[in-house]
Amino acid sequence: MAKPEPPKTGPAPSPTTAVVSDPLPATGTPPPATLWRTIWKECRRDQLVMAAATFLVAIYGVMLLSGFIAPYTAHFSDRDLAYIPPTPIFVVKDHRPAWPYVVPYKRVFDAETYNVGFEPDYSRHYPIRLFYSGGAYRLFNLIPTTIHLFGVDEPGRLFVLGTDQNGHDNFSRLLIGSVPSLTIGFLALLVVFPIGLVYGGASGYFGGRVDNLMMRLAEIIMSIPQFYLLIALAALLPSDINSTLRFALIVIILAFIGWAGLSRVIRGMVLSIKEQEYVEAAEALGASSLWVIWRHLIPQTATYAIVAVTLGVPGYLLAESALSFLGLGIQQPDASWGNMLSEAQNLSNIIYRPWLLMGPGLLIFFTILSFNVLGDKLRDVLDPKSQRTA
């Protein structure tokens with residue numbers, strides 16, 4: 001009887017040879033994208049959204065360097081040169097290319113119409129100097145300096161967008177006035193969002209009588225016409241307070257009328273989120289109510305919060321502009337886009353001096369439009385259901 005042959009085996013592995021397991025088969029599935037990567041991927045496909053984002057990045061960059069770019073400070077004025085048109089910049093002298101220079105304006109009197117006007121005085125030339133030492137200001141509101149990007153020597157004047165009734169340089173005030181106009185929305189939201197998130201989250205989580213009482217208070221505030229409430233509260237501000245305190249109080253007023261609407265939306269989201277199993281598991285493990293709200297409920301509203309911030313800033317910008325336009329916001333001689341637009345209350349300025357209004361008007365329009373375009377895109381990316389139901 002033949003004996004069975006032993007099974008054939010390969011050579012024993014060398015003691016120095018590592019045994020490596022076979023790698024997992026490739027599935028071809030890319031790693032999951034993060035939230036910000038998804039937003040960037042979707043936004044860069046839309047040219048209109050990229051144009052809006054580029055405009056916002058540029059305008060906020062200019063805002064940070066506004067004091068440096070502006071040839072004059074916001075309080076500079078030359079009352080002898082009120083309402084002059086934009087200063088022409090010349091690059092040709094004696095029929096030859098020349099370094100950019102300006103010529104001053106001289107006052108002229110029309111004996112027929114009895115009107116006083118201005119016309120260029122070509123007998124004097126003032127070259128534009130880079131990194132010019134002019135009026136004192138604080139770079140980034142921190143570093144004291146007198147260096148400006150460009151300017152002209154005295155007694156020359158460089159008014160890129162002309163002057164207003166007080167002889168203020170409109171271009172400088174347009175740049176420096178962007179600081180309160182562009183920051184007030186974000187500062188107001190820094191106050192609105194903590195209140196709205198916590199208030200709405202607590203109302204939706206506890207429910208019952210607590211929810212009923214908290215929402216009735218929010219609805220009372222929401223039922224008051226916001227613009228009239230805003231005007232009434234702003235009118236109560238003392239007229240002799242400094243500009244910094246007035247700006248802070250306007251931020252608080254805007255936040256006071258804005259938190260109720262946010263809290264109501266957050267409350268509705270929390271009502272559905274709190275029924276999820278992970279919330280019930282946290283409660284079963286003995287987590288406190290505050291921990292559940294802050295750790296599990298509020299983070300789930302992050303996508304809505306991102307969209308709400310983007311769409312909320314234009315509303316606060318428009319509210320500040322309206323207050324300043326009516327004389328209840330940022331006061332002269334401090335600059336903001338709103339109080340620069342107050343010149344439009346004079347019909348003759350609209351007809352004969354359009355340079356006073358085009359700068360702030362166009363910047364407010366394009367800033368609000370850019371935020372709305374970006375906010376709508378973020379809403380479509382973060383909440384596809386809203387796009388399907390629209």
# chains A, B, ... in the order shown; residues from 1 in each chain; ligands from 1
$ select_by_dssp --residues "stretch 60-138 of chain A" --states "strand (DSSP E)" --output "MDAnalysis selection string"
chainID A and resid 89:93 96:102 105:110 115:120 126:127 129:138
$ write_last_selection --atoms "N, CA and C atoms" --output "short mmCIF file (atom, residue, chain, number, x, y, z; two decimals), in the first residue's frame"
data_model
loop_
_atom_site.label_atom_id
_atom_site.label_comp_id
_atom_site.auth_asym_id
_atom_site.auth_seq_id
_atom_site.Cartn_x
_atom_site.Cartn_y
_atom_site.Cartn_z
N ILE A 89 -5.83 114.37 -13.93
CA ILE A 89 -4.43 113.95 -13.82
C ILE A 89 -3.84 113.91 -15.22
N PHE A 90 -2.71 114.59 -15.40
CA PHE A 90 -2.08 114.71 -16.71
C PHE A 90 -0.82 113.86 -16.76
N VAL A 91 -0.57 113.27 -17.94
CA VAL A 91 0.64 112.47 -18.14
C VAL A 91 1.43 112.96 -19.36
N VAL A 92 1.02 114.09 -19.93
CA VAL A 92 1.72 114.69 -21.06
C VAL A 92 2.02 116.14 -20.73
N LYS A 93 3.27 116.55 -20.96
CA LYS A 93 3.69 117.93 -20.69
C LYS A 93 4.57 118.40 -21.84
N ARG A 96 5.16 115.88 -24.53
CA ARG A 96 6.02 114.75 -24.21
C ARG A 96 5.44 113.99 -23.03
N PRO A 97 5.68 112.66 -22.98
CA PRO A 97 5.24 111.91 -21.80
C PRO A 97 5.90 112.44 -20.54
N ALA A 98 5.13 112.54 -19.48
CA ALA A 98 5.65 113.09 -18.23
C ALA A 98 5.11 112.28 -17.06
N TRP A 99 5.79 112.43 -15.93
CA TRP A 99 5.31 111.81 -14.69
C TRP A 99 3.94 112.41 -14.36
N PRO A 100 2.99 111.60 -13.89
CA PRO A 100 1.64 112.13 -13.61
C PRO A 100 1.68 113.36 -12.70
N TYR A 101 0.93 114.37 -13.08
CA TYR A 101 0.88 115.60 -12.30
C TYR A 101 -0.53 116.18 -12.37
N VAL A 102 -0.80 117.13 -11.48
CA VAL A 102 -2.10 117.80 -11.44
C VAL A 102 -1.87 119.30 -11.51
N TYR A 105 -7.04 124.28 -9.11
CA TYR A 105 -8.22 124.99 -9.58
C TYR A 105 -8.17 126.44 -9.08
N LYS A 106 -8.70 127.33 -9.89
CA LYS A 106 -8.85 128.72 -9.46
C LYS A 106 -10.32 129.11 -9.56
N ARG A 107 -10.72 129.96 -8.64
CA ARG A 107 -12.11 130.40 -8.58
C ARG A 107 -12.37 131.46 -9.65
N VAL A 108 -13.49 131.32 -10.36
CA VAL A 108 -13.88 132.28 -11.40
C VAL A 108 -15.32 132.70 -11.15
N PHE A 109 -15.60 133.94 -11.54
CA PHE A 109 -16.94 134.50 -11.34
C PHE A 109 -17.56 134.81 -12.70
N ASP A 110 -18.76 134.30 -12.91
CA ASP A 110 -19.49 134.54 -14.15
C ASP A 110 -20.38 135.76 -13.96
N ASN A 115 -22.69 133.29 -10.96
CA ASN A 115 -22.30 132.03 -10.33
C ASN A 115 -20.79 132.00 -10.16
N VAL A 116 -20.36 131.35 -9.08
CA VAL A 116 -18.94 131.15 -8.83
C VAL A 116 -18.59 129.73 -9.23
N GLY A 117 -17.57 129.58 -10.04
CA GLY A 117 -17.14 128.26 -10.48
C GLY A 117 -15.64 128.09 -10.35
N PHE A 118 -15.15 126.98 -10.87
CA PHE A 118 -13.72 126.68 -10.81
C PHE A 118 -13.26 126.24 -12.19
N GLU A 119 -12.04 126.60 -12.50
CA GLU A 119 -11.43 126.14 -13.74
C GLU A 119 -9.96 125.87 -13.49
N PRO A 120 -9.36 124.92 -14.23
CA PRO A 120 -7.95 124.58 -14.00
C PRO A 120 -7.02 125.75 -14.28
N TYR A 126 1.86 120.29 -10.24
CA TYR A 126 2.26 119.61 -9.00
C TYR A 126 2.36 118.11 -9.30
N PRO A 127 3.57 117.54 -9.28
CA PRO A 127 3.70 116.11 -9.56
C PRO A 127 3.13 115.26 -8.42
N ARG A 129 3.36 112.41 -5.92
CA ARG A 129 4.47 111.74 -5.25
C ARG A 129 3.98 110.47 -4.57
N LEU A 130 4.77 109.41 -4.70
CA LEU A 130 4.45 108.15 -4.04
C LEU A 130 5.02 108.15 -2.63
N PHE A 131 4.32 107.45 -1.74
CA PHE A 131 4.70 107.35 -0.33
C PHE A 131 4.93 108.75 0.24
N TYR A 132 3.90 109.53 0.09
CA TYR A 132 3.92 110.95 0.46
C TYR A 132 3.64 111.09 1.96
N SER A 133 4.33 112.02 2.61
CA SER A 133 4.11 112.29 4.03
C SER A 133 3.02 113.34 4.16
N GLY A 134 1.86 112.92 4.68
CA GLY A 134 0.71 113.81 4.79
C GLY A 134 0.14 113.83 6.19
N GLY A 135 -1.20 113.80 6.27
CA GLY A 135 -1.86 113.86 7.57
C GLY A 135 -1.64 112.61 8.39
N ALA A 136 -1.65 112.76 9.70
CA ALA A 136 -1.42 111.64 10.62
C ALA A 136 -2.66 110.75 10.71
N TYR A 137 -2.42 109.45 10.81
CA TYR A 137 -3.50 108.47 10.98
C TYR A 137 -2.89 107.22 11.61
N ARG A 138 -3.71 106.23 11.88
CA ARG A 138 -3.23 104.97 12.45
C ARG A 138 -3.46 103.84 11.45
#
$ residues_around --residues "stretch 64-78 of chain A" --least-positions-apart "4" --cutoff "10 Å" --atoms "only C-alpha atoms" --output "PyMOL selection string"
chain A and resi 59-60+82+131-141+145-152+157-160+163-179+332-336
$ closest_residue --among "A:Ala111, A:Leu297, A:Ile184, A:Val251" --to "A:Glu275" --atoms "only C-alpha atoms"
A:Leu297
$ select_by_dssp --residues "stretch 229-312 of chain A" --states "alpha helix (DSSP H)" --output "MDAnalysis selection string"
chainID A and resid 229:235 243:256 259:273 277:284 289:292 302:312
$ residues_around --residues "stretch 231-239 of chain A" --least-positions-apart "2" --cutoff "9 Å" --atoms "only C-alpha atoms" --output "VMD selection string"
chain A and resid 226 to 229 241 to 242 246 249 to 250 253 323 326 328 to 329 331
$ write_last_selection --atoms "N, CA and C atoms" --output "PDB file, in the first residue's frame"
ATOM      1  N   GLN A 226     -39.284  96.859  11.923  1.00  0.00           N
ATOM      2  CA  GLN A 226     -37.883  96.994  12.310  1.00  0.00           C
ATOM      3  C   GLN A 226     -37.298  98.360  11.958  1.00  0.00           C
ATOM      4  N   PHE A 227     -37.635  98.873  10.797  1.00  0.00           N
ATOM      5  CA  PHE A 227     -37.022 100.138  10.398  1.00  0.00           C
ATOM      6  C   PHE A 227     -37.452 101.273  11.314  1.00  0.00           C
ATOM      7  N   TYR A 228     -38.726 101.299  11.685  1.00  0.00           N
ATOM      8  CA  TYR A 228     -39.204 102.360  12.572  1.00  0.00           C
ATOM      9  C   TYR A 228     -38.645 102.186  13.981  1.00  0.00           C
ATOM     10  N   LEU A 229     -38.513 100.931  14.420  1.00  0.00           N
ATOM     11  CA  LEU A 229     -37.881 100.689  15.716  1.00  0.00           C
ATOM     12  C   LEU A 229     -36.425 101.129  15.683  1.00  0.00           C
ATOM     13  N   ILE A 241     -22.071 112.426  21.961  1.00  0.00           N
ATOM     14  CA  ILE A 241     -21.167 111.303  22.218  1.00  0.00           C
ATOM     15  C   ILE A 241     -20.161 111.195  21.078  1.00  0.00           C
ATOM     16  N   ASN A 242     -19.006 110.600  21.376  1.00  0.00           N
ATOM     17  CA  ASN A 242     -17.968 110.493  20.350  1.00  0.00           C
ATOM     18  C   ASN A 242     -18.331 109.423  19.330  1.00  0.00           C
ATOM     19  N   ARG A 246     -20.791 106.029  19.549  1.00  0.00           N
ATOM     20  CA  ARG A 246     -21.992 106.024  18.705  1.00  0.00           C
ATOM     21  C   ARG A 246     -22.007 104.788  17.808  1.00  0.00           C
ATOM     22  N   LEU A 249     -22.955 101.771  19.891  1.00  0.00           N
ATOM     23  CA  LEU A 249     -24.376 101.761  20.228  1.00  0.00           C
ATOM     24  C   LEU A 249     -25.235 101.409  19.017  1.00  0.00           C
ATOM     25  N   ILE A 250     -24.838 101.844  17.837  1.00  0.00           N
ATOM     26  CA  ILE A 250     -25.581 101.476  16.631  1.00  0.00           C
ATOM     27  C   ILE A 250     -25.485  99.972  16.392  1.00  0.00           C
ATOM     28  N   ILE A 253     -27.911  98.371  18.746  1.00  0.00           N
ATOM     29  CA  ILE A 253     -29.287  98.584  18.297  1.00  0.00           C
ATOM     30  C   ILE A 253     -29.627  97.637  17.147  1.00  0.00           C
ATOM     31  N   LEU A 323     -29.584 104.846   8.333  1.00  0.00           N
ATOM     32  CA  LEU A 323     -29.499 105.687   9.529  1.00  0.00           C
ATOM     33  C   LEU A 323     -28.592 106.891   9.289  1.00  0.00           C
ATOM     34  N   LEU A 326     -30.144 109.497   7.094  1.00  0.00           N
ATOM     35  CA  LEU A 326     -31.142 110.311   7.784  1.00  0.00           C
ATOM     36  C   LEU A 326     -30.540 111.157   8.898  1.00  0.00           C
ATOM     37  N   LEU A 328     -28.989 109.938  11.629  1.00  0.00           N
ATOM     38  CA  LEU A 328     -29.101 109.286  12.931  1.00  0.00           C
ATOM     39  C   LEU A 328     -27.982 108.280  13.174  1.00  0.00           C
ATOM     40  N   GLY A 329     -27.109 108.094  12.208  1.00  0.00           N
ATOM     41  CA  GLY A 329     -26.036 107.122  12.359  1.00  0.00           C
ATOM     42  C   GLY A 329     -24.700 107.796  12.593  1.00  0.00           C
ATOM     43  N   GLN A 331     -22.014 110.414  12.357  1.00  0.00           N
ATOM     44  CA  GLN A 331     -22.207 111.851  12.170  1.00  0.00           C
ATOM     45  C   GLN A 331     -20.968 112.497  11.548  1.00  0.00           C
TER      46      GLN A 331
END
$ residues_around --residues "A:Leu187" --least-positions-apart "2" --cutoff "10 Å" --atoms "only C-alpha atoms" --output "ChimeraX atom specification"
/A:180,182-185,189-192,248,251-252,254-255,313,316
$ closest_atom_pairs --of "stretch 28-142 of chain A" --to "stretch 369-378 of chain A" --cutoff "8 Å" --atoms "only C-alpha atoms" --output "Markdown table"
| residue | atom | partner | partner_atom | distance |
| --- | --- | --- | --- | --- |
| A:Ile39 | CA | A:Leu378 | CA | 7.1 |
| A:Cys43 | CA | A:Lys377 | CA | 7.1 |
| A:Leu48 | CA | A:Val373 | CA | 7.7 |
| A:Val49 | CA | A:Leu374 | CA | 5.7 |
| A:Ala52 | CA | A:Ser370 | CA | 4.5 |
| A:Ala53 | CA | A:Leu374 | CA | 6.9 |
| A:Phe55 | CA | A:Ser370 | CA | 7.4 |
| A:Leu56 | CA | A:Ser370 | CA | 7.0 |
$ decode --residues "stretch 345-376 of chain A" --atoms "N, CA and C atoms" --output "PDB file, in the first residue's frame"
ATOM      1  N   GLN A 345     -29.817 114.444  -0.706  1.00  0.00           N
ATOM      2  CA  GLN A 345     -31.024 115.156  -0.292  1.00  0.00           C
ATOM      3  C   GLN A 345     -31.138 116.511  -0.984  1.00  0.00           C
ATOM      4  N   ASN A 346     -30.057 116.978  -1.556  1.00  0.00           N
ATOM      5  CA  ASN A 346     -30.060 118.222  -2.321  1.00  0.00           C
ATOM      6  C   ASN A 346     -30.162 117.868  -3.804  1.00  0.00           C
ATOM      7  N   LEU A 347     -31.278 118.240  -4.429  1.00  0.00           N
ATOM      8  CA  LEU A 347     -31.513 117.863  -5.822  1.00  0.00           C
ATOM      9  C   LEU A 347     -30.444 118.418  -6.756  1.00  0.00           C
ATOM     10  N   SER A 348     -29.923 119.595  -6.465  1.00  0.00           N
ATOM     11  CA  SER A 348     -28.900 120.174  -7.341  1.00  0.00           C
ATOM     12  C   SER A 348     -27.633 119.329  -7.363  1.00  0.00           C
ATOM     13  N   ASN A 349     -27.338 118.635  -6.255  1.00  0.00           N
ATOM     14  CA  ASN A 349     -26.167 117.763  -6.246  1.00  0.00           C
ATOM     15  C   ASN A 349     -26.356 116.582  -7.189  1.00  0.00           C
ATOM     16  N   ILE A 350     -27.563 116.040  -7.243  1.00  0.00           N
ATOM     17  CA  ILE A 350     -27.825 114.913  -8.138  1.00  0.00           C
ATOM     18  C   ILE A 350     -27.648 115.330  -9.594  1.00  0.00           C
ATOM     19  N   ILE A 351     -28.069 116.554  -9.913  1.00  0.00           N
ATOM     20  CA  ILE A 351     -28.037 117.014 -11.303  1.00  0.00           C
ATOM     21  C   ILE A 351     -26.658 117.525 -11.698  1.00  0.00           C
ATOM     22  N   TYR A 352     -26.058 118.365 -10.847  1.00  0.00           N
ATOM     23  CA  TYR A 352     -24.834 119.067 -11.233  1.00  0.00           C
ATOM     24  C   TYR A 352     -23.567 118.467 -10.629  1.00  0.00           C
ATOM     25  N   ARG A 353     -23.673 117.671  -9.582  1.00  0.00           N
ATOM     26  CA  ARG A 353     -22.477 117.144  -8.918  1.00  0.00           C
ATOM     27  C   ARG A 353     -22.619 115.636  -8.703  1.00  0.00           C
ATOM     28  N   PRO A 354     -22.733 114.855  -9.753  1.00  0.00           N
ATOM     29  CA  PRO A 354     -22.949 113.407  -9.586  1.00  0.00           C
ATOM     30  C   PRO A 354     -21.778 112.690  -8.938  1.00  0.00           C
ATOM     31  N   TRP A 355     -20.578 113.298  -8.976  1.00  0.00           N
ATOM     32  CA  TRP A 355     -19.424 112.634  -8.367  1.00  0.00           C
ATOM     33  C   TRP A 355     -19.581 112.470  -6.861  1.00  0.00           C
ATOM     34  N   LEU A 356     -20.465 113.259  -6.246  1.00  0.00           N
ATOM     35  CA  LEU A 356     -20.681 113.126  -4.806  1.00  0.00           C
ATOM     36  C   LEU A 356     -21.383 111.819  -4.459  1.00  0.00           C
ATOM     37  N   LEU A 357     -22.185 111.292  -5.368  1.00  0.00           N
ATOM     38  CA  LEU A 357     -23.073 110.177  -5.059  1.00  0.00           C
ATOM     39  C   LEU A 357     -22.661 108.878  -5.732  1.00  0.00           C
ATOM     40  N   MET A 358     -21.955 108.962  -6.837  1.00  0.00           N
ATOM     41  CA  MET A 358     -21.645 107.750  -7.587  1.00  0.00           C
ATOM     42  C   MET A 358     -20.769 106.793  -6.790  1.00  0.00           C
ATOM     43  N   GLY A 359     -19.769 107.321  -6.072  1.00  0.00           N
ATOM     44  CA  GLY A 359     -18.866 106.461  -5.313  1.00  0.00           C
ATOM     45  C   GLY A 359     -19.575 105.645  -4.253  1.00  0.00           C
ATOM     46  N   PRO A 360     -20.161 106.281  -3.229  1.00  0.00           N
ATOM     47  CA  PRO A 360     -20.828 105.498  -2.183  1.00  0.00           C
ATOM     48  C   PRO A 360     -22.024 104.715  -2.702  1.00  0.00           C
ATOM     49  N   GLY A 361     -22.781 105.290  -3.630  1.00  0.00           N
ATOM     50  CA  GLY A 361     -23.951 104.586  -4.147  1.00  0.00           C
ATOM     51  C   GLY A 361     -23.582 103.302  -4.859  1.00  0.00           C
ATOM     52  N   LEU A 362     -22.586 103.357  -5.732  1.00  0.00           N
ATOM     53  CA  LEU A 362     -22.181 102.162  -6.468  1.00  0.00           C
ATOM     54  C   LEU A 362     -21.536 101.125  -5.556  1.00  0.00           C
ATOM     55  N   LEU A 363     -20.752 101.573  -4.579  1.00  0.00           N
ATOM     56  CA  LEU A 363     -20.112 100.619  -3.674  1.00  0.00           C
ATOM     57  C   LEU A 363     -21.138  99.908  -2.802  1.00  0.00           C
ATOM     58  N   ILE A 364     -22.125 100.624  -2.297  1.00  0.00           N
ATOM     59  CA  ILE A 364     -23.188  99.978  -1.526  1.00  0.00           C
ATOM     60  C   ILE A 364     -23.928  98.971  -2.398  1.00  0.00           C
ATOM     61  N   PHE A 365     -24.250  99.358  -3.623  1.00  0.00           N
ATOM     62  CA  PHE A 365     -24.997  98.479  -4.529  1.00  0.00           C
ATOM     63  C   PHE A 365     -24.222  97.196  -4.818  1.00  0.00           C
ATOM     64  N   PHE A 366     -22.959  97.320  -5.223  1.00  0.00           N
ATOM     65  CA  PHE A 366     -22.194  96.139  -5.611  1.00  0.00           C
ATOM     66  C   PHE A 366     -21.813  95.283  -4.399  1.00  0.00           C
ATOM     67  N   THR A 367     -21.614  95.899  -3.238  1.00  0.00           N
ATOM     68  CA  THR A 367     -21.311  95.111  -2.042  1.00  0.00           C
ATOM     69  C   THR A 367     -22.510  94.265  -1.641  1.00  0.00           C
ATOM     70  N   ILE A 368     -23.689  94.860  -1.603  1.00  0.00           N
ATOM     71  CA  ILE A 368     -24.899  94.109  -1.261  1.00  0.00           C
ATOM     72  C   ILE A 368     -25.171  93.029  -2.299  1.00  0.00           C
ATOM     73  N   LEU A 369     -25.015  93.363  -3.573  1.00  0.00           N
ATOM     74  CA  LEU A 369     -25.230  92.380  -4.637  1.00  0.00           C
ATOM     75  C   LEU A 369     -24.259  91.212  -4.508  1.00  0.00           C
ATOM     76  N   SER A 370     -23.003  91.483  -4.203  1.00  0.00           N
ATOM     77  CA  SER A 370     -22.000  90.421  -4.086  1.00  0.00           C
ATOM     78  C   SER A 370     -22.303  89.503  -2.914  1.00  0.00           C
ATOM     79  N   PHE A 371     -22.671  90.062  -1.772  1.00  0.00           N
ATOM     80  CA  PHE A 371     -23.030  89.230  -0.626  1.00  0.00           C
ATOM     81  C   PHE A 371     -24.245  88.363  -0.939  1.00  0.00           C
ATOM     82  N   ASN A 372     -25.231  88.903  -1.627  1.00  0.00           N
ATOM     83  CA  ASN A 372     -26.426  88.129  -1.950  1.00  0.00           C
ATOM     84  C   ASN A 372     -26.115  87.004  -2.934  1.00  0.00           C
ATOM     85  N   VAL A 373     -25.290  87.285  -3.940  1.00  0.00           N
ATOM     86  CA  VAL A 373     -24.906  86.243  -4.895  1.00  0.00           C
ATOM     87  C   VAL A 373     -24.150  85.125  -4.186  1.00  0.00           C
ATOM     88  N   LEU A 374     -23.202  85.491  -3.323  1.00  0.00           N
ATOM     89  CA  LEU A 374     -22.428  84.495  -2.593  1.00  0.00           C
ATOM     90  C   LEU A 374     -23.308  83.721  -1.619  1.00  0.00           C
ATOM     91  N   GLY A 375     -24.212  84.412  -0.931  1.00  0.00           N
ATOM     92  CA  GLY A 375     -25.098  83.742   0.013  1.00  0.00           C
ATOM     93  C   GLY A 375     -26.046  82.772  -0.660  1.00  0.00           C
ATOM     94  N   ASP A 376     -26.593  83.147  -1.809  1.00  0.00           N
ATOM     95  CA  ASP A 376     -27.485  82.241  -2.538  1.00  0.00           C
ATOM     96  C   ASP A 376     -26.748  80.983  -2.981  1.00  0.00           C
TER      97      ASP A 376
END
